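Chemist: I'm passing along protein.tsv; it holds TSV, C-alpha atoms and all ligand atoms.
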chain	number	residue	atom	x	y	z
A	1	MET	CA	105.68	-10.97	-91.76
A	2	ALA	CA	107.09	-14.50	-91.28
A	3	HIS	CA	108.54	-16.16	-94.36
A	4	THR	CA	106.17	-18.64	-96.06
A	5	VAL	CA	106.32	-20.72	-99.21
A	6	PHE	CA	102.65	-20.19	-99.97
A	7	PRO	CA	101.58	-17.41	-102.35
A	8	GLU	CA	100.40	-14.10	-100.93
A	9	ARG	CA	96.77	-14.54	-102.12
A	10	LEU	CA	96.40	-17.63	-99.90
A	11	GLN	CA	97.56	-15.89	-96.75
A	12	ALA	CA	95.01	-15.37	-94.04
A	13	ARG	CA	94.43	-11.67	-93.48
A	14	LEU	CA	92.35	-10.49	-90.55
A	15	ASP	CA	89.99	-7.68	-91.49
A	16	PRO	CA	90.65	-4.62	-89.36
A	17	ILE	CA	87.89	-4.23	-86.78
A	18	THR	CA	85.98	-0.99	-86.97
A	19	VAL	CA	83.37	-0.16	-84.38
A	20	ASP	CA	80.45	2.05	-85.25
A	21	GLU	CA	80.30	5.35	-83.35
A	22	LYS	CA	76.82	4.47	-82.03
A	23	VAL	CA	78.11	1.16	-80.65
A	24	LYS	CA	80.95	3.02	-78.92
A	25	GLU	CA	78.49	5.47	-77.38
A	26	ALA	CA	76.15	2.68	-76.23
A	27	LYS	CA	79.05	0.83	-74.61
A	28	ALA	CA	80.26	3.97	-72.86
A	29	ALA	CA	76.72	4.60	-71.57
A	30	LEU	CA	76.46	1.04	-70.25
A	31	LEU	CA	79.83	1.20	-68.56
A	32	LYS	CA	78.79	4.47	-66.94
A	33	HIS	CA	75.75	2.74	-65.42
A	34	ILE	CA	77.56	-0.43	-64.45
A	35	LYS	CA	80.11	0.50	-61.79
A	36	ARG	CA	80.51	-2.77	-59.91
A	37	SER	CA	80.37	-6.46	-60.77
A	38	ILE	CA	77.25	-8.42	-59.91
A	39	TYR	CA	76.39	-12.05	-59.65
A	40	ILE	CA	73.13	-13.37	-60.97
A	41	TYR	CA	71.32	-16.60	-60.23
A	42	ARG	CA	68.59	-17.96	-62.50
A	43	VAL	CA	65.47	-19.68	-61.25
A	44	ASP	CA	63.38	-21.36	-63.95
A	45	CYS	CA	59.88	-21.59	-62.49
A	46	GLY	CA	58.31	-23.30	-65.49
A	47	GLY	CA	58.95	-21.82	-68.94
A	48	CYS	CA	59.69	-23.29	-72.37
A	49	ASN	CA	63.49	-22.78	-72.03
A	50	GLY	CA	63.51	-20.05	-74.68
A	51	CYS	CA	64.37	-17.48	-72.02
A	52	GLU	CA	67.27	-19.61	-70.73
A	53	ILE	CA	68.72	-19.80	-74.24
A	54	GLU	CA	68.64	-16.00	-74.52
A	55	ILE	CA	70.20	-15.58	-71.07
A	56	PHE	CA	73.01	-17.95	-72.02
A	57	GLY	CA	73.34	-16.10	-75.34
A	58	THR	CA	73.79	-12.95	-73.26
A	59	ILE	CA	76.43	-14.25	-70.90
A	60	THR	CA	78.52	-16.19	-73.44
A	61	PRO	CA	80.90	-14.68	-76.09
A	62	ILE	CA	79.41	-12.25	-78.64
A	63	PHE	CA	77.23	-10.39	-76.12
A	64	ASP	CA	79.49	-11.40	-73.24
A	65	THR	CA	78.08	-9.64	-70.19
A	66	GLU	CA	81.14	-10.69	-68.19
A	67	ARG	CA	82.98	-7.72	-69.69
A	68	PHE	CA	80.59	-5.59	-67.63
A	69	GLY	CA	81.17	-7.76	-64.55
A	70	ILE	CA	77.84	-9.62	-64.77
A	71	LYS	CA	78.42	-13.27	-63.87
A	72	ASN	CA	76.15	-16.27	-63.64
A	73	MET	CA	76.39	-18.13	-60.31
A	74	ALA	CA	75.58	-21.72	-59.41
A	75	SER	CA	74.13	-20.84	-56.00
A	76	PRO	CA	71.73	-18.17	-54.75
A	77	ARG	CA	74.00	-17.74	-51.70
A	78	HIS	CA	76.43	-15.74	-53.88
A	79	ALA	CA	73.84	-13.86	-55.91
A	80	ASP	CA	73.09	-10.14	-55.98
A	81	ILE	CA	70.29	-10.53	-58.50
A	82	LEU	CA	67.82	-13.38	-58.82
A	83	VAL	CA	66.47	-13.79	-62.34
A	84	TYR	CA	63.13	-15.61	-62.39
A	85	THR	CA	62.10	-17.04	-65.75
A	86	GLY	CA	58.95	-18.87	-66.73
A	87	ALA	CA	55.49	-18.79	-65.19
A	88	VAL	CA	55.28	-19.72	-61.51
A	89	THR	CA	54.14	-23.32	-61.40
A	90	ARG	CA	52.83	-25.19	-58.39
A	91	ALA	CA	55.79	-27.57	-58.34
A	92	MET	CA	58.38	-24.74	-58.44
A	93	ARG	CA	56.77	-22.60	-55.76
A	94	LEU	CA	58.88	-23.87	-52.85
A	95	PRO	CA	62.23	-24.05	-54.71
A	96	ALA	CA	61.63	-20.50	-55.97
A	97	LEU	CA	60.92	-19.30	-52.43
A	98	ARG	CA	63.97	-21.14	-51.09
A	99	ALA	CA	66.21	-19.43	-53.67
A	100	TYR	CA	64.78	-16.05	-52.62
A	101	GLU	CA	65.36	-16.76	-48.94
A	102	GLY	CA	68.86	-18.13	-49.67
A	103	ALA	CA	70.14	-14.99	-51.42
A	104	PRO	CA	71.80	-12.41	-49.11
A	105	ASP	CA	70.38	-8.89	-48.72
A	106	PRO	CA	70.37	-6.46	-50.42
A	107	LYS	CA	69.11	-8.55	-53.32
A	108	LEU	CA	67.12	-7.74	-56.39
A	109	VAL	CA	64.53	-9.80	-58.20
A	110	VAL	CA	64.25	-9.63	-61.97
A	111	SER	CA	61.14	-11.05	-63.59
A	112	TYR	CA	62.31	-12.24	-66.99
A	113	GLY	CA	60.27	-12.79	-70.15
A	114	ALA	CA	56.54	-12.65	-70.77
A	115	CYS	CA	56.02	-15.77	-68.64
A	116	GLY	CA	57.99	-14.34	-65.71
A	117	CYS	CA	56.19	-10.99	-65.96
A	118	THR	CA	52.61	-12.24	-66.30
A	119	GLY	CA	52.46	-16.01	-66.78
A	120	GLY	CA	52.67	-15.45	-70.57
A	121	ILE	CA	51.20	-18.11	-72.81
A	122	PHE	CA	50.88	-20.43	-69.81
A	123	HIS	CA	48.90	-17.94	-67.69
A	124	ASP	CA	45.66	-19.97	-67.70
A	125	ASN	CA	47.28	-23.38	-67.25
A	126	TYR	CA	45.82	-25.42	-64.38
A	127	CYS	CA	49.11	-25.53	-62.45
A	128	VAL	CA	50.26	-21.95	-63.07
A	129	TRP	CA	49.95	-19.22	-60.46
A	130	GLY	CA	50.90	-16.35	-62.77
A	131	GLY	CA	54.01	-14.17	-62.93
A	132	THR	CA	56.88	-13.97	-60.43
A	133	ASP	CA	55.21	-11.12	-58.52
A	134	LYS	CA	52.48	-13.53	-57.43
A	135	LEU	CA	55.14	-15.12	-55.24
A	136	ILE	CA	57.81	-12.57	-54.29
A	137	PRO	CA	58.38	-8.80	-54.69
A	138	VAL	CA	59.84	-7.94	-58.09
A	139	ASP	CA	62.17	-4.99	-58.73
A	140	ILE	CA	62.70	-5.14	-62.49
A	141	TYR	CA	60.56	-6.58	-65.27
A	142	ILE	CA	62.28	-7.54	-68.53
A	143	PRO	CA	59.43	-8.27	-70.96
A	144	GLY	CA	59.63	-10.16	-74.26
A	145	CYS	CA	59.11	-13.69	-75.48
A	146	PRO	CA	61.98	-14.19	-75.06
A	147	PRO	CA	63.76	-10.85	-74.37
A	148	SER	CA	66.71	-10.24	-76.72
A	149	PRO	CA	70.27	-10.13	-75.29
A	150	ALA	CA	70.29	-6.34	-75.78
A	151	GLN	CA	67.09	-6.04	-73.73
A	152	THR	CA	68.60	-8.33	-71.12
A	153	ILE	CA	71.76	-6.23	-70.77
A	154	TYR	CA	69.65	-3.08	-70.55
A	155	GLY	CA	67.52	-4.68	-67.82
A	156	PHE	CA	70.61	-5.69	-65.84
A	157	ALA	CA	71.98	-2.15	-66.17
A	158	MET	CA	68.70	-0.81	-64.79
A	159	ALA	CA	68.88	-3.38	-62.00
A	160	LEU	CA	72.38	-2.17	-61.15
A	161	GLY	CA	71.11	1.36	-60.73
A	162	ILE	CA	68.57	0.11	-58.23
A	163	LEU	CA	71.12	-2.11	-56.51
A	164	GLY	CA	73.36	0.93	-56.05
A	165	GLN	CA	70.45	2.78	-54.44
A	166	ARG	CA	69.84	-0.12	-52.08
A	167	LEU	CA	73.47	-0.27	-51.06
A	168	HIS	CA	73.44	3.44	-50.19
A	169	GLU	CA	69.93	3.36	-48.79
A	170	THR	CA	68.82	6.21	-46.56
A	171	HIS	CA	65.53	6.31	-44.73
A	172	LEU	CA	63.63	9.54	-45.09
A	173	HIS	CA	61.01	10.45	-42.54
A	174	GLN	CA	58.26	12.91	-43.18
A	175	ALA	CA	58.31	15.77	-40.71
A	176	GLU	CA	55.05	16.70	-39.05
A	177	GLY	CA	52.98	18.87	-41.35
A	178	GLU	CA	55.40	18.33	-44.26
A	179	GLN	CA	53.69	18.01	-47.60
A	180	ALA	CA	55.07	17.17	-51.02
A	181	PRO	CA	54.66	20.05	-53.48
A	182	LEU	CA	51.90	19.42	-56.01
A	183	LEU	CA	52.84	19.76	-59.67
A	184	HIS	CA	50.75	21.91	-62.00
A	185	ASN	CA	48.61	23.14	-59.17
A	186	HIS	CA	47.17	25.91	-61.33
A	187	LEU	CA	45.36	23.40	-63.61
A	188	PRO	CA	41.84	22.10	-62.83
A	189	TYR	CA	42.04	18.70	-61.15
A	190	LYS	CA	39.72	16.88	-63.57
A	191	MET	CA	41.65	18.13	-66.56
A	192	LYS	CA	44.94	16.96	-65.03
A	193	VAL	CA	43.51	13.52	-64.35
A	194	GLU	CA	42.15	13.20	-67.86
A	195	LEU	CA	45.42	14.24	-69.51
A	196	GLU	CA	47.55	12.03	-67.25
A	197	ARG	CA	45.32	9.01	-67.85
A	198	GLU	CA	45.45	9.40	-71.62
A	199	ALA	CA	49.24	9.86	-71.65
A	200	ARG	CA	49.74	6.72	-69.55
A	201	ILE	CA	47.44	4.69	-71.79
A	202	LEU	CA	49.43	5.83	-74.83
A	203	SER	CA	53.00	5.62	-73.45
A	204	GLY	CA	52.99	3.62	-70.25
A	205	TYR	CA	53.36	4.80	-66.67
A	206	ARG	CA	56.84	6.28	-66.68
A	207	TYR	CA	57.13	7.82	-70.16
A	208	GLY	CA	53.45	8.83	-70.11
A	209	ARG	CA	54.08	10.83	-66.95
A	210	GLU	CA	57.16	12.50	-68.42
A	211	LEU	CA	55.25	13.48	-71.56
A	212	VAL	CA	52.16	14.73	-69.76
A	213	ASN	CA	54.35	16.82	-67.44
A	214	ARG	CA	56.01	18.42	-70.46
A	215	PHE	CA	52.58	19.01	-71.98
A	216	MET	CA	51.16	20.55	-68.81
A	217	ASP	CA	54.25	22.78	-68.45
A	218	THR	CA	53.35	24.38	-71.78
A	219	LEU	CA	49.82	25.18	-70.55
A	220	ASP	CA	51.36	27.72	-68.22
A	221	ALA	CA	52.04	30.07	-71.16
A	222	PRO	CA	53.23	33.49	-69.90
A	223	ASP	CA	51.51	35.31	-72.80
A	224	GLY	CA	48.22	33.46	-72.17
A	225	ASP	CA	48.27	31.85	-75.65
A	226	VAL	CA	47.82	28.26	-74.45
A	227	LEU	CA	47.02	26.69	-77.80
A	228	GLY	CA	49.88	28.52	-79.49
A	229	SER	CA	52.22	27.18	-76.82
A	230	VAL	CA	50.93	23.62	-77.34
A	231	ASN	CA	51.29	23.95	-81.11
A	232	ARG	CA	54.89	25.05	-80.67
A	233	LEU	CA	55.54	22.02	-78.46
A	234	ILE	CA	54.18	19.73	-81.19
A	235	THR	CA	55.99	21.36	-84.13
A	236	ASN	CA	59.33	21.52	-82.27
A	237	GLU	CA	59.22	17.80	-81.39
A	238	ASP	CA	61.24	15.49	-83.68
A	239	ASP	CA	60.05	12.15	-82.34
A	240	PRO	CA	56.82	11.17	-84.20
A	241	ARG	CA	55.66	9.02	-81.25
A	242	LYS	CA	55.79	11.98	-78.91
A	243	VAL	CA	54.07	14.17	-81.52
A	244	GLU	CA	51.23	11.60	-81.59
A	245	VAL	CA	50.86	11.68	-77.80
A	246	PHE	CA	50.99	15.50	-77.63
A	247	SER	CA	48.39	15.72	-80.44
A	248	GLU	CA	46.03	13.39	-78.56
A	249	LEU	CA	46.46	15.46	-75.40
A	250	LYS	CA	45.78	18.62	-77.40
A	251	ASP	CA	42.55	17.03	-78.71
A	252	ILE	CA	41.44	16.38	-75.12
A	253	LEU	CA	42.30	19.92	-74.15
A	254	GLU	CA	40.25	21.34	-77.01
A	255	LYS	CA	37.32	18.96	-76.58
A	256	LYS	CA	36.89	18.88	-72.83
A	257	VAL	CA	38.33	22.11	-71.58
A	258	VAL	CA	38.42	24.80	-74.23
A	259	GLY	CA	35.20	23.41	-75.81
A	260	MET	CA	36.40	24.04	-79.34
A	261	ARG	CA	35.40	20.60	-80.67
A	301	LIG	S1	58.59	-15.85	-72.23
A	301	LIG	FE1	58.47	-17.00	-74.15
A	301	LIG	S2	60.55	-17.80	-74.39
A	301	LIG	FE2	60.37	-17.19	-72.25
A	301	LIG	S3	59.74	-19.04	-71.17
A	301	LIG	FE3	57.88	-17.94	-71.74
A	301	LIG	S4	57.23	-18.83	-73.70
A	301	LIG	FE4	59.36	-19.41	-73.35
Translate this structure into structure tokens?
Ligand code: SF4

Modeler:
Amino acid sequence: MAHTVFPERLQARLDPITVDEKVKEAKAALLKHIKRSIYIYRVDCGGCNGCEIEIFGTITPIFDTERFGIKNMASPRHADILVYTGAVTRAMRLPALRAYEGAPDPKLVVSYGACGCTGGIFHDNYCVWGGTDKLIPVDIYIPGCPPSPAQTIYGFAMALGILGQRLHETHLHQAEGEQAPLLHNHLPYKMKVELEREARILSGYRYGRELVNRFMDTLDAPDGDVLGSVNRLITNEDDPRKVEVFSELKDILEKKVVGMR
């Protein structure tokens, strides 16, 4: 250390930086998803500016999305992703459309914040048309009022997955007579519909479908003990939210199909 006349206790000492294992894992997962740099362009269609503050919190030091190659651009002509914030107002309709037309293909549209997704607290204002999807097709919704920087980074990572698909797009054509295989074909149609509907109400479209597929897989018990198989699914599940969903689906099964309740 350099010589100094000041006593040791007054010397500045930087604390060694230790990074939590979970943080390391999350960063590795993000870097796995994000394989190329992308440029984003923001279009504020009429919000309260809260979303802008969070976006700037995300792209500036601390959260610093530039380390993942996500950069904010001053022109839609250079943008890969257009981020629409705020409810679509009458005055911003044309500028928002111009930004969309100005961005080169393949481009993605992110609807940001509760206002961008649905119109939010301004949805019934006289000059508001609703969310971004009232105006242009939206690829990713990042909900929240406003979304946190972590949610924002996650949304961009999701957007990058879709952008990658668009860049390597292939067009599939259905051959004559070709039919997609139906899942769980052995189950009665009405029962499937009822279970799927309940799971989607409880967990949303995507996760609801995953959970109900897992549930319906267990109904195909090789030993014929359907309820035993469902009970095993519930007791072996660690996540209490999934246990709740599986239990509700089991109730439906017992009430409507087996007739035990
Ligand atoms: S979602 Fe919330 S923070 Fe974002 S613009 Fe709307 S009111 Fe403001």

Chemist: Which residues sit within 8 Å of ligand LIG 301 (chain A), counting all atoms listed in the file, listed as a PDB file with C-alpha atoms, in the coordinates of the input?

Modeler:
ATOM      1  CA  GLY A  46      58.310 -23.300 -65.490  1.00  0.00           C
ATOM      2  CA  GLY A  47      58.950 -21.820 -68.940  1.00  0.00           C
ATOM      3  CA  CYS A  48      59.690 -23.290 -72.370  1.00  0.00           C
ATOM      4  CA  ASN A  49      63.490 -22.780 -72.030  1.00  0.00           C
ATOM      5  CA  GLY A  50      63.510 -20.050 -74.680  1.00  0.00           C
ATOM      6  CA  CYS A  51      64.370 -17.480 -72.020  1.00  0.00           C
ATOM      7  CA  GLU A  52      67.270 -19.610 -70.730  1.00  0.00           C
ATOM      8  CA  THR A  85      62.100 -17.040 -65.750  1.00  0.00           C
ATOM      9  CA  GLY A  86      58.950 -18.870 -66.730  1.00  0.00           C
ATOM     10  CA  ALA A  87      55.490 -18.790 -65.190  1.00  0.00           C
ATOM     11  CA  TYR A 112      62.310 -12.240 -66.990  1.00  0.00           C
ATOM     12  CA  GLY A 113      60.270 -12.790 -70.150  1.00  0.00           C
ATOM     13  CA  ALA A 114      56.540 -12.650 -70.770  1.00  0.00           C
ATOM     14  CA  CYS A 115      56.020 -15.770 -68.640  1.00  0.00           C
ATOM     15  CA  GLY A 116      57.990 -14.340 -65.710  1.00  0.00           C
ATOM     16  CA  GLY A 119      52.460 -16.010 -66.780  1.00  0.00           C
ATOM     17  CA  GLY A 120      52.670 -15.450 -70.570  1.00  0.00           C
ATOM     18  CA  ILE A 121      51.200 -18.110 -72.810  1.00  0.00           C
ATOM     19  CA  PHE A 122      50.880 -20.430 -69.810  1.00  0.00           C
ATOM     20  CA  PRO A 143      59.430  -8.270 -70.960  1.00  0.00           C
ATOM     21  CA  GLY A 144      59.630 -10.160 -74.260  1.00  0.00           C
ATOM     22  CA  CYS A 145      59.110 -13.690 -75.480  1.00  0.00           C
ATOM     23  CA  PRO A 146      61.980 -14.190 -75.060  1.00  0.00           C
ATOM     24  CA  PRO A 147      63.760 -10.850 -74.370  1.00  0.00           C
TER      25      PRO A 147
END

Chemist: Separation of CA of Leu135 in chain A and CA of Pro149 in chain A, in Å?

Modeler: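 Atom-to-atom, CA of Leu135 in chain A and CA of Pro149 in chain A are spaced 25.6 Å apart.
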
Chemist: How far is it from CA of Leu202 in chain A to CA of Arg214 in chain A, in Å with one decimal?

Modeler: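 Distance between the two atoms: 14.9 Å.
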
Chemist: Smallest atom-to-atom distance to Lys71 in chain A: which of A:Asn231, A:Thr118, A:Asn185, A:Thr58, using only C-alpha atoms?

Modeler: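 Of A:Asn231, A:Thr118, A:Asn185, A:Thr58, the one nearest Lys71 in chain A is A:Thr58, counting only C-alpha atoms.
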
Chemist: Using all atoms listed in the file, which of A:Ile38, A:Ala180, A:Ile252, A:Cys45 sits nearest Ile70 in chain A?

Modeler: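 For Ile70 in chain A, the nearest of the candidates is A:Ile38.
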
Chemist: To one decimal place, how far is CA of Pro240 in chain A from CA of Tyr207 in chain A in Å?

Modeler: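 CA of Pro240 in chain A sits 14.4 Å away from CA of Tyr207 in chain A.
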
Chemist: Excluding same-chain residues fewer than 6 positions from Ala74 in chain A, what lies within 9 Å of it counting only C-alpha atoms, as an MDAnalysis selection string?

Modeler: chainID A and resid 40:42

Chemist: Find the residue from A:Arg90, A:Phe156, A:Pro222, A:Gln151 that sits nearest to Val128 in chain A; use only C-alpha atoms when measuring.

Modeler: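 That would be A:Arg90, the residue with the smallest distance to Val128 in chain A.
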
Chemist: Closest to Ala199 in chain A among A:Leu163, A:Ile142, A:Met216, A:Val19, using only C-alpha atoms?

Modeler: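 Using only C-alpha atoms, Ala199 in chain A sits closest to A:Met216.
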
Chemist: Name the residues, using the chain letters and numbers of the file, that sit within 12 Å of (83.6, -6.3, -69.5) when counting only C-alpha atoms, and give them as a list in words.

Modeler: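 Selection result: Lys27, Ala28, Leu30, Leu31, Ile34, Lys35, Arg36, Ser37, Ile38, Ile59, Thr60, Pro61, Ile62, Phe63, Asp64, Thr65, Glu66, Arg67, Phe68, Gly69, Ile70, Lys71 and Ile153 of chain A.
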
Chemist: Pick out the closest residue to Tyr154 in chain A from this set: A:Tyr189, A:Pro137, A:Tyr100, A:Ala29. Count all atoms listed in the file.

Modeler: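 Ranked by minimum distance to Tyr154 in chain A, first place goes to A:Ala29.
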
Chemist: Here is a test: counting all atoms listed in the file, which residue of A:Val43, A:Leu249, A:Ile234, A:Ala99 is nearest to Glu194 in chain A?

Modeler: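 Closest to Glu194 in chain A, using all atoms listed in the file: A:Leu249.
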
Chemist: Excluding same-chain residues fewer than 5 positions from Ser229 in chain A, what lies within 10 Å of it counting all atoms listed in the file, as a ChimeraX atom specification?

Modeler: /A:215,217-224,234

Chemist: If we count all atoms listed in the file and set the cut-off at 6 Å, which residues sit around Ile81 in chain A, ignoring sequence neighbours fewer than 6 positions away in its own chain? Please answer as a VMD selection string.

Modeler: chain A and resid 40 107 to 109

Chemist: Mind checking which residues fall within 12 Å of His168 in chain A, counting only C-alpha atoms, ignoring those fewer than 6 positions away in the same chain, and posting them as a VMD selection string?

Modeler: chain A and resid 106 161 to 162

Chemist: Write out as a PyMOL selection string which residues come within 9 Å of Lys250 in chain A when counting all atoms listed in the file, dropping same-chain ones fewer than 3 positions away.

Modeler: chain A and resi 215+227+230-231+245-247+253-255

Chemist: With N, CA and C atoms retained, output range 86-115 of chain A as a PDB file, in the first residue's frame.

Modeler:
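Now in out_1.pdb:
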ATOM      1  N   GLY A  86     -47.824   3.967 -21.328  1.00  0.00           N
ATOM      2  CA  GLY A  86     -48.983   4.857 -21.205  1.00  0.00           C
ATOM      3  C   GLY A  86     -50.165   4.392 -22.048  1.00  0.00           C
ATOM      4  N   ALA A  87     -51.334   4.884 -21.680  1.00  0.00           N
ATOM      5  CA  ALA A  87     -52.545   4.568 -22.442  1.00  0.00           C
ATOM      6  C   ALA A  87     -52.493   5.295 -23.783  1.00  0.00           C
ATOM      7  N   VAL A  88     -53.117   4.695 -24.804  1.00  0.00           N
ATOM      8  CA  VAL A  88     -53.109   5.334 -26.129  1.00  0.00           C
ATOM      9  C   VAL A  88     -54.097   6.502 -26.123  1.00  0.00           C
ATOM     10  N   THR A  89     -53.555   7.695 -26.256  1.00  0.00           N
ATOM     11  CA  THR A  89     -54.417   8.874 -26.273  1.00  0.00           C
ATOM     12  C   THR A  89     -54.653   9.326 -27.720  1.00  0.00           C
ATOM     13  N   ARG A  90     -55.705  10.105 -27.881  1.00  0.00           N
ATOM     14  CA  ARG A  90     -56.063  10.558 -29.231  1.00  0.00           C
ATOM     15  C   ARG A  90     -54.916  11.333 -29.874  1.00  0.00           C
ATOM     16  N   ALA A  91     -54.280  12.199 -29.070  1.00  0.00           N
ATOM     17  CA  ALA A  91     -53.223  13.054 -29.633  1.00  0.00           C
ATOM     18  C   ALA A  91     -51.993  12.254 -30.043  1.00  0.00           C
ATOM     19  N   MET A  92     -51.733  11.099 -29.356  1.00  0.00           N
ATOM     20  CA  MET A  92     -50.513  10.342 -29.649  1.00  0.00           C
ATOM     21  C   MET A  92     -50.732   9.223 -30.657  1.00  0.00           C
ATOM     22  N   ARG A  93     -51.945   9.127 -31.191  1.00  0.00           N
ATOM     23  CA  ARG A  93     -52.245   8.017 -32.093  1.00  0.00           C
ATOM     24  C   ARG A  93     -51.308   8.034 -33.318  1.00  0.00           C
ATOM     25  N   LEU A  94     -51.246   9.194 -33.988  1.00  0.00           N
ATOM     26  CA  LEU A  94     -50.443   9.252 -35.214  1.00  0.00           C
ATOM     27  C   LEU A  94     -48.947   9.129 -34.947  1.00  0.00           C
ATOM     28  N   PRO A  95     -48.392   9.854 -33.938  1.00  0.00           N
ATOM     29  CA  PRO A  95     -46.958   9.649 -33.658  1.00  0.00           C
ATOM     30  C   PRO A  95     -46.637   8.203 -33.312  1.00  0.00           C
ATOM     31  N   ALA A  96     -47.541   7.543 -32.582  1.00  0.00           N
ATOM     32  CA  ALA A  96     -47.293   6.134 -32.215  1.00  0.00           C
ATOM     33  C   ALA A  96     -47.292   5.259 -33.463  1.00  0.00           C
ATOM     34  N   LEU A  97     -48.198   5.522 -34.382  1.00  0.00           N
ATOM     35  CA  LEU A  97     -48.237   4.753 -35.629  1.00  0.00           C
ATOM     36  C   LEU A  97     -47.003   5.039 -36.482  1.00  0.00           C
ATOM     37  N   ARG A  98     -46.584   6.309 -36.496  1.00  0.00           N
ATOM     38  CA  ARG A  98     -45.396   6.667 -37.296  1.00  0.00           C
ATOM     39  C   ARG A  98     -44.152   5.954 -36.778  1.00  0.00           C
ATOM     40  N   ALA A  99     -44.032   5.865 -35.433  1.00  0.00           N
ATOM     41  CA  ALA A  99     -42.874   5.160 -34.856  1.00  0.00           C
ATOM     42  C   ALA A  99     -42.912   3.697 -35.272  1.00  0.00           C
ATOM     43  N   TYR A 100     -44.099   3.104 -35.273  1.00  0.00           N
ATOM     44  CA  TYR A 100     -44.237   1.687 -35.649  1.00  0.00           C
ATOM     45  C   TYR A 100     -43.829   1.486 -37.107  1.00  0.00           C
ATOM     46  N   GLU A 101     -44.330   2.384 -37.962  1.00  0.00           N
ATOM     47  CA  GLU A 101     -44.002   2.253 -39.389  1.00  0.00           C
ATOM     48  C   GLU A 101     -42.526   2.532 -39.642  1.00  0.00           C
ATOM     49  N   GLY A 102     -41.919   3.401 -38.798  1.00  0.00           N
ATOM     50  CA  GLY A 102     -40.518   3.807 -39.017  1.00  0.00           C
ATOM     51  C   GLY A 102     -39.518   2.732 -38.618  1.00  0.00           C
ATOM     52  N   ALA A 103     -39.906   1.813 -37.724  1.00  0.00           N
ATOM     53  CA  ALA A 103     -38.952   0.793 -37.263  1.00  0.00           C
ATOM     54  C   ALA A 103     -38.807  -0.302 -38.321  1.00  0.00           C
ATOM     55  N   PRO A 104     -37.568  -0.767 -38.567  1.00  0.00           N
ATOM     56  CA  PRO A 104     -37.379  -1.812 -39.600  1.00  0.00           C
ATOM     57  C   PRO A 104     -37.870  -3.172 -39.115  1.00  0.00           C
ATOM     58  N   ASP A 105     -38.274  -4.012 -40.042  1.00  0.00           N
ATOM     59  CA  ASP A 105     -38.663  -5.395 -39.731  1.00  0.00           C
ATOM     60  C   ASP A 105     -37.403  -6.250 -39.644  1.00  0.00           C
ATOM     61  N   PRO A 106     -37.348  -7.335 -38.835  1.00  0.00           N
ATOM     62  CA  PRO A 106     -38.424  -7.754 -37.947  1.00  0.00           C
ATOM     63  C   PRO A 106     -38.370  -6.950 -36.654  1.00  0.00           C
ATOM     64  N   LYS A 107     -39.502  -6.406 -36.252  1.00  0.00           N
ATOM     65  CA  LYS A 107     -39.525  -5.598 -35.034  1.00  0.00           C
ATOM     66  C   LYS A 107     -40.498  -6.227 -34.047  1.00  0.00           C
ATOM     67  N   LEU A 108     -40.314  -5.852 -32.802  1.00  0.00           N
ATOM     68  CA  LEU A 108     -41.213  -6.357 -31.772  1.00  0.00           C
ATOM     69  C   LEU A 108     -41.844  -5.173 -31.064  1.00  0.00           C
ATOM     70  N   VAL A 109     -43.062  -5.380 -30.595  1.00  0.00           N
ATOM     71  CA  VAL A 109     -43.728  -4.326 -29.829  1.00  0.00           C
ATOM     72  C   VAL A 109     -43.932  -4.825 -28.408  1.00  0.00           C
ATOM     73  N   VAL A 110     -43.459  -4.038 -27.452  1.00  0.00           N
ATOM     74  CA  VAL A 110     -43.682  -4.345 -26.042  1.00  0.00           C
ATOM     75  C   VAL A 110     -44.682  -3.342 -25.497  1.00  0.00           C
ATOM     76  N   SER A 111     -45.733  -3.852 -24.875  1.00  0.00           N
ATOM     77  CA  SER A 111     -46.709  -2.986 -24.217  1.00  0.00           C
ATOM     78  C   SER A 111     -46.309  -2.923 -22.757  1.00  0.00           C
ATOM     79  N   TYR A 112     -45.985  -1.739 -22.279  1.00  0.00           N
ATOM     80  CA  TYR A 112     -45.317  -1.612 -20.980  1.00  0.00           C
ATOM     81  C   TYR A 112     -46.229  -0.961 -19.947  1.00  0.00           C
ATOM     82  N   GLY A 113     -46.338  -1.595 -18.785  1.00  0.00           N
ATOM     83  CA  GLY A 113     -47.105  -1.011 -17.682  1.00  0.00           C
ATOM     84  C   GLY A 113     -48.599  -1.268 -17.826  1.00  0.00           C
ATOM     85  N   ALA A 114     -49.306  -1.045 -16.730  1.00  0.00           N
ATOM     86  CA  ALA A 114     -50.759  -1.274 -16.734  1.00  0.00           C
ATOM     87  C   ALA A 114     -51.433  -0.406 -17.788  1.00  0.00           C
ATOM     88  N   CYS A 115     -50.961   0.825 -17.959  1.00  0.00           N
ATOM     89  CA  CYS A 115     -51.591   1.724 -18.937  1.00  0.00           C
ATOM     90  C   CYS A 115     -51.349   1.216 -20.354  1.00  0.00           C
TER      91      CYS A 115
END
